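See below for the structure under consideration.
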Amino acid sequence: LYRQLVADSFFNMASMCRSMNNFDEALEMYEMNHAVEEKIHGEDHPNAAGVCENMAAMYCTQGKHEAGMALFKKALAIRVKQDGEDHPDVASAYNNMAVAYGEQGRHEEALVMFSKSLAIKLKVYGENHPEVAAVYDNTANLYVTLGRHEDALEMFTKCLAISMVVKHPYVPDVPTLFFRMAFLRGKQGRYLEAL
């Protein structure tokens, strides 16, 4: 119990440092949290995967993408080993990797990761779920970056269908999605459809 309290304290301090944009100290606290979690639970425990994901995000934020991606891959391996390939945590790991790949300009790899995340989330949650909508939205935004406006519109349309049924912080609201879709149609010269 004492060790877990220590681990939790390091995690809380890391989160606080991260929220204050003090990334070096946050990373140091996450590393301490990771060391304690591994002593308590072993290196293949879901807690270790979560800490790896937090550390990976911090490395990527600092531009240390190689170190970040290595930790994202380690977290994914732990999640698959512990939970199996079709678990929501595995889908989230794929989504996290997709976002990181996208931020690095590795767009094709990001699309592959989003596709894997979406397949699991559809299988686990079904079509009308906020987690599914979040992947549609993330994928649409990547398509916008790539200039693939028709693909983006398709993803935004799917996200909109869910947003009209489900309200959730992960799901963009209806006006936001209408605006994004109108903007893309305007870029395509489809002005009447944009209205």
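Chain lettering (A, B, ...) mirrors the order of the structure tokens, residue numbering begins at 1 for each chain separately, and ligand numbering begins at 1 in order of display.
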
Contacts of range 124-138 of chain A within 9 Å, only C-alpha atoms, excl. fewer than 6 positions in-chain, as a list of chain:residue names: A:Asp86, A:His87, A:Pro88, A:Asn95, A:Ala98, A:Val99, A:Phe114, A:Ser115, A:Ser117, A:Leu118, A:Ala152, A:Glu154, A:Met155, A:Phe156, A:Thr157, A:Lys158, A:Cys159, A:Leu160, A:Ala161, A:Ile162, A:Ser163, A:Val165, A:Val166, A:Lys167, A:His168, A:Pro169, A:Tyr170, A:Val171, A:Pro172

Helix (DSSP H, G or I) per DSSP on the backbone: members of range 6-69 of chain A, as a PyMOL selection string: chain A and resi 6-19+23-41+46-61+65-69

task: For each of A:Lys73, A:Arg18, A:His149, A:Arg106, take the minimum atom-to-atom distance to Lys187 in chain A, counting only C-alpha atoms, then give the residue where this is smallest.
output: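 Between A:Lys73, A:Arg18, A:His149, A:Arg106, the residue approaching Lys187 in chain A most closely is A:His149.
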
- prompt: Using only C-alpha atoms, which residues sit within 12 Å of range 38-45 of chain A once same-chain residues fewer than 3 positions away are excluded, as an MDAnalysis selection string?
  reply: chainID A and resid 1:8 31:35 48:52 74:83

Please dump the current selection as a tab-separated table (two decimals), in the first residue's frame; keep N, CA and C atoms.
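Final output, again_32.tsv:
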chain	number	residue	atom	x	y	z
A	1	LEU	N	0.83	-1.19	0.00
A	1	LEU	CA	0.00	0.00	0.00
A	1	LEU	C	0.88	1.26	0.00
A	2	TYR	N	1.93	1.25	0.82
A	2	TYR	CA	2.80	2.42	0.91
A	2	TYR	C	3.43	2.73	-0.45
A	3	ARG	N	3.94	1.68	-1.13
A	3	ARG	CA	4.58	1.90	-2.43
A	3	ARG	C	3.59	2.48	-3.45
A	4	GLN	N	2.36	1.99	-3.41
A	4	GLN	CA	1.37	2.51	-4.36
A	4	GLN	C	1.07	3.98	-4.08
A	5	LEU	N	1.05	4.36	-2.80
A	5	LEU	CA	0.85	5.77	-2.47
A	5	LEU	C	1.99	6.63	-3.00
A	6	VAL	N	3.22	6.09	-2.90
A	6	VAL	CA	4.38	6.81	-3.43
A	6	VAL	C	4.25	6.94	-4.95
A	7	ALA	N	3.88	5.84	-5.62
A	7	ALA	CA	3.72	5.87	-7.07
A	7	ALA	C	2.64	6.89	-7.46
A	8	ASP	N	1.53	6.86	-6.75
A	8	ASP	CA	0.44	7.79	-7.04
A	8	ASP	C	0.87	9.25	-6.81
A	31	GLU	N	8.98	9.34	-14.73
A	31	GLU	CA	10.01	8.30	-14.68
A	31	GLU	C	10.08	7.66	-13.29
A	32	MET	N	9.97	8.48	-12.25
A	32	MET	CA	9.95	7.93	-10.88
A	32	MET	C	8.70	7.09	-10.66
A	33	ASN	N	7.57	7.59	-11.14
A	33	ASN	CA	6.32	6.84	-11.04
A	33	ASN	C	6.46	5.49	-11.74
A	34	HIS	N	7.06	5.51	-12.92
A	34	HIS	CA	7.25	4.27	-13.69
A	34	HIS	C	8.13	3.28	-12.94
A	35	ALA	N	9.21	3.76	-12.36
A	35	ALA	CA	10.12	2.87	-11.62
A	35	ALA	C	9.40	2.21	-10.44
A	48	ALA	N	1.88	0.18	-15.71
A	48	ALA	CA	3.13	0.52	-16.39
A	48	ALA	C	2.85	1.02	-17.80
A	49	ALA	N	1.86	0.43	-18.46
A	49	ALA	CA	1.50	0.88	-19.81
A	49	ALA	C	1.00	2.32	-19.77
A	50	GLY	N	0.17	2.64	-18.79
A	50	GLY	CA	-0.34	4.00	-18.66
A	50	GLY	C	0.76	5.01	-18.44
A	51	VAL	N	1.72	4.66	-17.60
A	51	VAL	CA	2.84	5.57	-17.34
A	51	VAL	C	3.69	5.72	-18.60
A	52	CYS	N	3.90	4.61	-19.32
A	52	CYS	CA	4.65	4.69	-20.58
A	52	CYS	C	3.97	5.65	-21.56
A	74	LYS	N	5.96	0.27	-26.54
A	74	LYS	CA	6.05	-0.56	-25.33
A	74	LYS	C	4.69	-0.64	-24.64
A	75	ALA	N	4.02	0.49	-24.53
A	75	ALA	CA	2.69	0.52	-23.90
A	75	ALA	C	1.71	-0.34	-24.69
A	76	LEU	N	1.76	-0.24	-26.01
A	76	LEU	CA	0.87	-1.05	-26.86
A	76	LEU	C	1.13	-2.53	-26.64
A	77	ALA	N	2.39	-2.93	-26.59
A	77	ALA	CA	2.73	-4.34	-26.38
A	77	ALA	C	2.19	-4.84	-25.04
A	78	ILE	N	2.32	-4.02	-24.00
A	78	ILE	CA	1.79	-4.40	-22.68
A	78	ILE	C	0.27	-4.55	-22.76
A	79	ARG	N	-0.39	-3.59	-23.38
A	79	ARG	CA	-1.86	-3.63	-23.47
A	79	ARG	C	-2.32	-4.88	-24.22
A	80	VAL	N	-1.68	-5.19	-25.35
A	80	VAL	CA	-2.07	-6.37	-26.13
A	80	VAL	C	-1.83	-7.64	-25.31
A	81	LYS	N	-0.70	-7.71	-24.63
A	81	LYS	CA	-0.38	-8.89	-23.82
A	81	LYS	C	-1.38	-9.07	-22.68
A	82	GLN	N	-1.74	-8.00	-22.01
A	82	GLN	CA	-2.62	-8.07	-20.85
A	82	GLN	C	-4.09	-8.22	-21.22
A	83	ASP	N	-4.53	-7.50	-22.27
A	83	ASP	CA	-5.96	-7.39	-22.55
A	83	ASP	C	-6.41	-8.07	-23.83

query: Which residue gives the smallest distance to Glu66 in chain A among A:Ala100, A:Met13, A:Val36, A:Met181, with only C-alpha atoms counted?
result: A:Ala100

- prompt: How many Å lie between CA of Gln62 in chain A and CA of Glu28 in chain A, rounded to one decimal?
  reply: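 Distance between the two atoms: 13.1 Å.
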
- request: Determine the nearest neighbour of Glu103 in chain A from the options A:Pro175, A:Met69, A:Gly84, A:Cys60, counting only C-alpha atoms.
  value: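 Of A:Pro175, A:Met69, A:Gly84, A:Cys60, the one nearest Glu103 in chain A, counting only C-alpha atoms, is A:Cys60.
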